[in-house]
Amino acid sequence: MTFAIAGSLDEALTALAAGARPIAGGTDLVVGARSGKTPLPPSLVAIDRLEELAQIESTDSGIRIGATVTHARLMIDPTIVVGYTALADAAALVGSPSTRNVGTIGGNVMNASPAMDTGAPLVVLGAVARLQSVRESRTVELSDLWTGPGQTSASADELCVAIDLPARPARSGSAYVRLEYRRAMEIAVAGAAASVTLAEDGTISAGSLALTAVAPTIIELEGAGTIMIGRPPEAAAPLIAEAASDVATPISDLRASETYRRQMVGVMAGRAVEAAARRASGDEIGVPVNRAIGIGATR
């Protein structure tokens, strides 16, 4: 196996074009190799020292999160915590402190796990991935990027360099709620992220919902906005819960049965809508929302 440390983005892209695979935190790559699921590739190029990939910056249309920004940073960054709170909720639940301190948003997105915590928040917040190669640079909707468990539509020579998120409307809030049995090193059993915008009368004027770990990819609930718009949050939440359970297509495994996941994702969806609406109304709920309102494991 060969290993190189990229000194520039051009060097990294050239290495990818020659067949190398990028590595930053390596939390998925190393675990996969140690478990025997995925052998280490013959060539690696480290991108963790590229400062241009480690920035959170404002753009004309919103914000850009560099691909090597860590979960530990996302969970405390003021821009994320205030404006894109569901993403902060999710980042705070990823793995353990050591995982959060080295694991990156780009790696999480490109790993394409249907159980990734950051996926559903990114979907409801309208994120797109920026992919770059020596040939071109392009943006891809996450629904088009994720094609199956651990699979993406990106070419082998394309590097995720950033995640772009649009500016948030006034009177909007978001939340990510996850069913959890314990507080560390937990893979999501079922989870939901919601984004809610409130009208002046307190009813919902816009909304979206996405689900974690109940389908081959992170899925957005089609028609969630139609269900929510014009209703007060307390009336919309149970309707969203029912719709989420109906659309889910989970599997049964050692962690939970299909029936249990289907029921619980509805519960998580309803709670996510309620928490997002509370934040939209100005209620300060701490990050992660699971801890702040007593959802899930106590230790």
# chains A, B, ... in the order shown; residues from 1 in each chain; ligands from 1
>>> residues_around(residues="A:Arg271", least_positions_apart="5", cutoff="12 Å", atoms="only C-alpha atoms", output="MDAnalysis selection string")
chainID A and resid 174:179 191:195 209 233:234 236:241 244 264:266 276:278 289:290 293:296
>>> write_last_selection(atoms="N, CA and C atoms", output="CSV table (one decimal), in the first residue's frame")
chain,number,residue,atom,x,y,z
A,174,SER,N,-34.9,24.0,13.3
A,174,SER,CA,-34.7,22.6,12.8
A,174,SER,C,-34.2,21.7,14.0
A,175,ALA,N,-34.4,20.4,13.9
A,175,ALA,CA,-34.0,19.5,15.0
A,175,ALA,C,-33.8,18.1,14.4
A,176,TYR,N,-32.9,17.4,15.1
A,176,TYR,CA,-32.7,16.0,14.7
A,176,TYR,C,-32.8,15.2,16.0
A,177,VAL,N,-33.7,14.2,16.0
A,177,VAL,CA,-34.0,13.4,17.1
A,177,VAL,C,-33.7,11.9,16.7
A,178,ARG,N,-33.0,11.2,17.6
A,178,ARG,CA,-32.6,9.9,17.3
A,178,ARG,C,-33.0,8.9,18.5
A,179,LEU,N,-33.5,7.8,18.1
A,179,LEU,CA,-33.7,6.7,19.1
A,179,LEU,C,-32.3,6.2,19.5
A,191,GLY,N,-34.2,7.5,13.3
A,191,GLY,CA,-34.0,8.9,13.6
A,191,GLY,C,-34.8,9.8,12.6
A,192,ALA,N,-35.0,11.0,12.9
A,192,ALA,CA,-35.7,11.9,12.1
A,192,ALA,C,-35.2,13.4,12.2
A,193,ALA,N,-35.1,14.1,11.2
A,193,ALA,CA,-34.8,15.5,11.2
A,193,ALA,C,-35.9,16.3,10.6
A,194,ALA,N,-36.2,17.4,11.2
A,194,ALA,CA,-37.3,18.3,10.7
A,194,ALA,C,-36.8,19.7,10.6
A,195,SER,N,-37.4,20.4,9.6
A,195,SER,CA,-37.2,21.9,9.5
A,195,SER,C,-38.6,22.5,9.4
A,209,LEU,N,-39.1,17.0,6.3
A,209,LEU,CA,-38.8,15.9,7.2
A,209,LEU,C,-38.0,14.9,6.4
A,233,PRO,N,-48.1,23.4,15.2
A,233,PRO,CA,-47.1,22.3,15.3
A,233,PRO,C,-47.7,21.1,16.1
A,234,GLU,N,-48.5,21.4,17.1
A,234,GLU,CA,-49.0,20.2,17.9
A,234,GLU,C,-50.1,19.4,17.1
A,236,ALA,N,-49.8,19.2,13.6
A,236,ALA,CA,-49.0,18.6,12.5
A,236,ALA,C,-48.2,17.4,13.0
A,237,ALA,N,-47.7,17.4,14.2
A,237,ALA,CA,-46.7,16.4,14.6
A,237,ALA,C,-47.3,15.0,14.6
A,238,PRO,N,-48.5,14.7,15.1
A,238,PRO,CA,-49.0,13.3,15.0
A,238,PRO,C,-49.3,12.9,13.5
A,239,LEU,N,-49.7,13.8,12.7
A,239,LEU,CA,-49.9,13.5,11.3
A,239,LEU,C,-48.6,13.1,10.6
A,240,ILE,N,-47.5,13.9,10.9
A,240,ILE,CA,-46.2,13.6,10.4
A,240,ILE,C,-45.7,12.2,10.9
A,241,ALA,N,-45.9,12.0,12.2
A,241,ALA,CA,-45.5,10.7,12.8
A,241,ALA,C,-46.1,9.5,12.0
A,244,ALA,N,-44.6,9.2,8.5
A,244,ALA,CA,-43.2,8.7,8.5
A,244,ALA,C,-43.2,7.2,8.7
A,264,MET,N,-41.1,3.4,15.9
A,264,MET,CA,-40.2,4.4,16.6
A,264,MET,C,-39.8,5.6,15.7
A,265,VAL,N,-39.7,5.3,14.4
A,265,VAL,CA,-39.3,6.4,13.5
A,265,VAL,C,-40.5,7.4,13.4
A,266,GLY,N,-41.7,7.0,13.6
A,266,GLY,CA,-42.8,7.9,13.7
A,266,GLY,C,-42.8,8.7,14.9
A,276,ALA,N,-38.4,21.4,16.4
A,276,ALA,CA,-38.0,22.4,15.4
A,276,ALA,C,-38.9,23.6,15.5
A,277,ALA,N,-40.2,23.3,15.7
A,277,ALA,CA,-41.2,24.4,15.9
A,277,ALA,C,-40.9,25.3,17.1
A,278,ARG,N,-40.5,24.6,18.2
A,278,ARG,CA,-40.2,25.4,19.4
A,278,ARG,C,-39.0,26.3,19.1
A,289,VAL,N,-30.7,18.0,20.9
A,289,VAL,CA,-32.0,18.1,21.5
A,289,VAL,C,-32.4,16.8,22.3
A,290,ASN,N,-31.8,15.7,21.9
A,290,ASN,CA,-32.0,14.4,22.7
A,290,ASN,C,-31.7,14.6,24.2
A,293,ILE,N,-34.2,17.6,26.0
A,293,ILE,CA,-35.5,17.4,26.4
A,293,ILE,C,-35.7,15.9,26.8
A,294,GLY,N,-34.6,15.2,27.1
A,294,GLY,CA,-34.7,13.9,27.8
A,294,GLY,C,-35.1,12.8,26.9
A,295,ILE,N,-34.7,12.8,25.7
A,295,ILE,CA,-35.1,11.7,24.8
A,295,ILE,C,-33.9,10.7,24.8
A,296,GLY,N,-34.2,9.4,24.9
A,296,GLY,CA,-33.2,8.4,24.7
A,296,GLY,C,-32.5,8.1,26.0
>>> select_by_dssp(residues="stretch 71-244 of chain A", states="helix (DSSP H, G or I)", output="PyMOL selection string")
chain A and resi 71-74+78-83+85-91+97-102+105-111+119-124+142-145+224-228+233-244
>>> closest_atom_pairs(of="stretch 22-81 of chain A", to="stretch 116-133 of chain A", cutoff="12 Å", atoms="only C-alpha atoms", output="Markdown table")
| residue | atom | partner | partner_atom | distance |
| --- | --- | --- | --- | --- |
| A:Asp28 | CA | A:Met116 | CA | 11.3 |
| A:Leu53 | CA | A:Arg130 | CA | 11.3 |
| A:Ser61 | CA | A:Ala127 | CA | 11.6 |
| A:Gly62 | CA | A:Ala127 | CA | 10.1 |
| A:Ile63 | CA | A:Ala127 | CA | 9.7 |
| A:Arg64 | CA | A:Ala127 | CA | 9.5 |
| A:Ile65 | CA | A:Ala129 | CA | 9.7 |
| A:Gly66 | CA | A:Arg130 | CA | 9.4 |
| A:Ala67 | CA | A:Arg130 | CA | 9.0 |
| A:Thr70 | CA | A:Thr118 | CA | 11.6 |
| A:His71 | CA | A:Thr118 | CA | 9.1 |
| A:Leu74 | CA | A:Thr118 | CA | 10.3 |
| A:Met75 | CA | A:Thr118 | CA | 11.0 |
| A:Ile80 | CA | A:Leu125 | CA | 11.2 |
>>> write_last_selection(atoms="all heavy atoms", output="CSV table (one decimal), in the first residue's frame")
chain,number,residue,atom,x,y,z
A,28,ASP,N,-14.3,5.6,9.4
A,28,ASP,CA,-15.0,4.5,8.7
A,28,ASP,C,-14.0,3.6,8.0
A,28,ASP,O,-14.2,2.3,8.0
A,28,ASP,CB,-16.0,5.1,7.6
A,28,ASP,CG,-17.1,5.8,8.3
A,28,ASP,OD1,-17.7,5.3,9.2
A,28,ASP,OD2,-17.4,6.9,7.8
A,53,LEU,N,-10.1,23.0,2.9
A,53,LEU,CA,-11.2,22.1,3.1
A,53,LEU,C,-11.8,22.1,4.6
A,53,LEU,O,-12.7,21.3,4.9
A,53,LEU,CB,-10.8,20.7,2.8
A,53,LEU,CG,-10.3,20.5,1.3
A,53,LEU,CD1,-10.1,19.0,1.1
A,53,LEU,CD2,-11.3,21.0,0.3
A,61,SER,N,-25.3,32.9,-1.0
A,61,SER,CA,-26.6,32.2,-0.8
A,61,SER,C,-26.8,31.5,0.5
A,61,SER,O,-27.9,30.9,0.7
A,61,SER,CB,-26.8,31.2,-2.0
A,61,SER,OG,-25.7,30.2,-2.0
A,62,GLY,N,-25.7,31.4,1.3
A,62,GLY,CA,-25.9,30.7,2.6
A,62,GLY,C,-24.5,30.5,3.3
A,62,GLY,O,-23.8,31.4,3.5
A,63,ILE,N,-24.2,29.2,3.5
A,63,ILE,CA,-22.9,28.9,4.1
A,63,ILE,C,-22.3,27.7,3.4
A,63,ILE,O,-23.0,26.9,2.7
A,63,ILE,CB,-23.0,28.6,5.6
A,63,ILE,CG1,-23.7,27.3,5.9
A,63,ILE,CG2,-23.5,29.7,6.4
A,63,ILE,CD1,-23.6,26.7,7.2
A,64,ARG,N,-21.0,27.6,3.5
A,64,ARG,CA,-20.2,26.5,2.9
A,64,ARG,C,-19.4,25.8,4.0
A,64,ARG,O,-18.7,26.5,4.7
A,64,ARG,CB,-19.3,26.9,1.8
A,64,ARG,CG,-18.5,25.8,1.2
A,64,ARG,CD,-17.9,26.3,-0.1
A,64,ARG,NE,-18.9,26.5,-1.1
A,64,ARG,CZ,-18.7,27.3,-2.2
A,64,ARG,NH1,-17.6,27.8,-2.5
A,64,ARG,NH2,-19.8,27.5,-3.0
A,65,ILE,N,-19.6,24.5,4.2
A,65,ILE,CA,-18.9,23.7,5.2
A,65,ILE,C,-17.8,22.9,4.4
A,65,ILE,O,-18.2,22.0,3.6
A,65,ILE,CB,-19.8,22.8,6.0
A,65,ILE,CG1,-20.9,23.6,6.6
A,65,ILE,CG2,-19.0,22.1,7.0
A,65,ILE,CD1,-22.0,22.8,7.3
A,66,GLY,N,-16.6,23.1,4.7
A,66,GLY,CA,-15.5,22.3,4.1
A,66,GLY,C,-15.6,20.9,4.5
A,66,GLY,O,-16.1,20.5,5.6
A,67,ALA,N,-15.2,20.0,3.6
A,67,ALA,CA,-15.4,18.6,3.7
A,67,ALA,C,-14.6,18.0,5.0
A,67,ALA,O,-15.1,17.0,5.5
A,67,ALA,CB,-14.9,17.8,2.5
A,70,THR,N,-14.8,18.9,11.3
A,70,THR,CA,-15.1,17.7,12.1
A,70,THR,C,-16.5,17.9,12.8
A,70,THR,O,-17.0,19.0,12.9
A,70,THR,CB,-14.1,17.5,13.2
A,70,THR,OG1,-14.1,18.7,14.1
A,70,THR,CG2,-12.7,17.4,12.7
A,71,HIS,N,-17.0,16.7,13.3
A,71,HIS,CA,-18.3,16.8,14.0
A,71,HIS,C,-18.2,17.6,15.3
A,71,HIS,O,-19.1,18.3,15.7
A,71,HIS,CB,-18.7,15.3,14.3
A,71,HIS,CG,-18.9,14.5,13.1
A,71,HIS,ND1,-19.8,14.7,12.1
A,71,HIS,CD2,-18.2,13.4,12.7
A,71,HIS,CE1,-19.7,13.8,11.2
A,71,HIS,NE2,-18.7,13.0,11.5
A,74,LEU,N,-18.7,21.1,14.4
A,74,LEU,CA,-20.1,21.4,13.9
A,74,LEU,C,-21.0,21.5,15.1
A,74,LEU,O,-21.9,22.3,15.1
A,74,LEU,CB,-20.6,20.3,13.0
A,74,LEU,CG,-20.0,20.3,11.6
A,74,LEU,CD1,-20.4,19.0,10.9
A,74,LEU,CD2,-20.3,21.5,10.8
A,75,MET,N,-20.8,20.7,16.2
A,75,MET,CA,-21.7,20.8,17.3
A,75,MET,C,-21.6,22.0,18.2
A,75,MET,O,-22.5,22.3,19.0
A,75,MET,CB,-21.5,19.5,18.2
A,75,MET,CG,-20.2,19.4,18.8
A,75,MET,SD,-19.9,17.8,19.7
A,75,MET,CE,-20.8,18.2,21.2
A,80,ILE,N,-23.6,27.2,13.0
A,80,ILE,CA,-24.3,26.0,12.8
A,80,ILE,C,-25.3,25.8,14.0
A,80,ILE,O,-26.5,25.5,13.7
A,80,ILE,CB,-23.4,24.8,12.9
A,80,ILE,CG1,-22.3,24.9,11.8
A,80,ILE,CG2,-24.1,23.5,12.7
A,80,ILE,CD1,-22.8,25.0,10.4
>>> closest_residue(among="A:Glu136, A:Glu57, A:Glu141, A:Asp201", to="A:Leu159", atoms="only C-alpha atoms")
A:Glu136
>>> select_by_dssp(residues="stretch 89-262 of chain A", states="strand (DSSP E)", output="MDAnalysis selection string")
chainID A and resid 128:132 137:141 146:148 151:152 159:166 172:179 190:198 204:212 219:220
>>> residues_around(residues="A:Asp60", least_positions_apart="6", cutoff="12 Å", atoms="only C-alpha atoms", output="list of chain:residue names")
A:Asp164, A:Leu165, A:Pro166, A:Ala167
>>> atom_distance(atom1="atom CA of A:Ile285", atom2="atom CA of A:Arg171")
14.8 Å
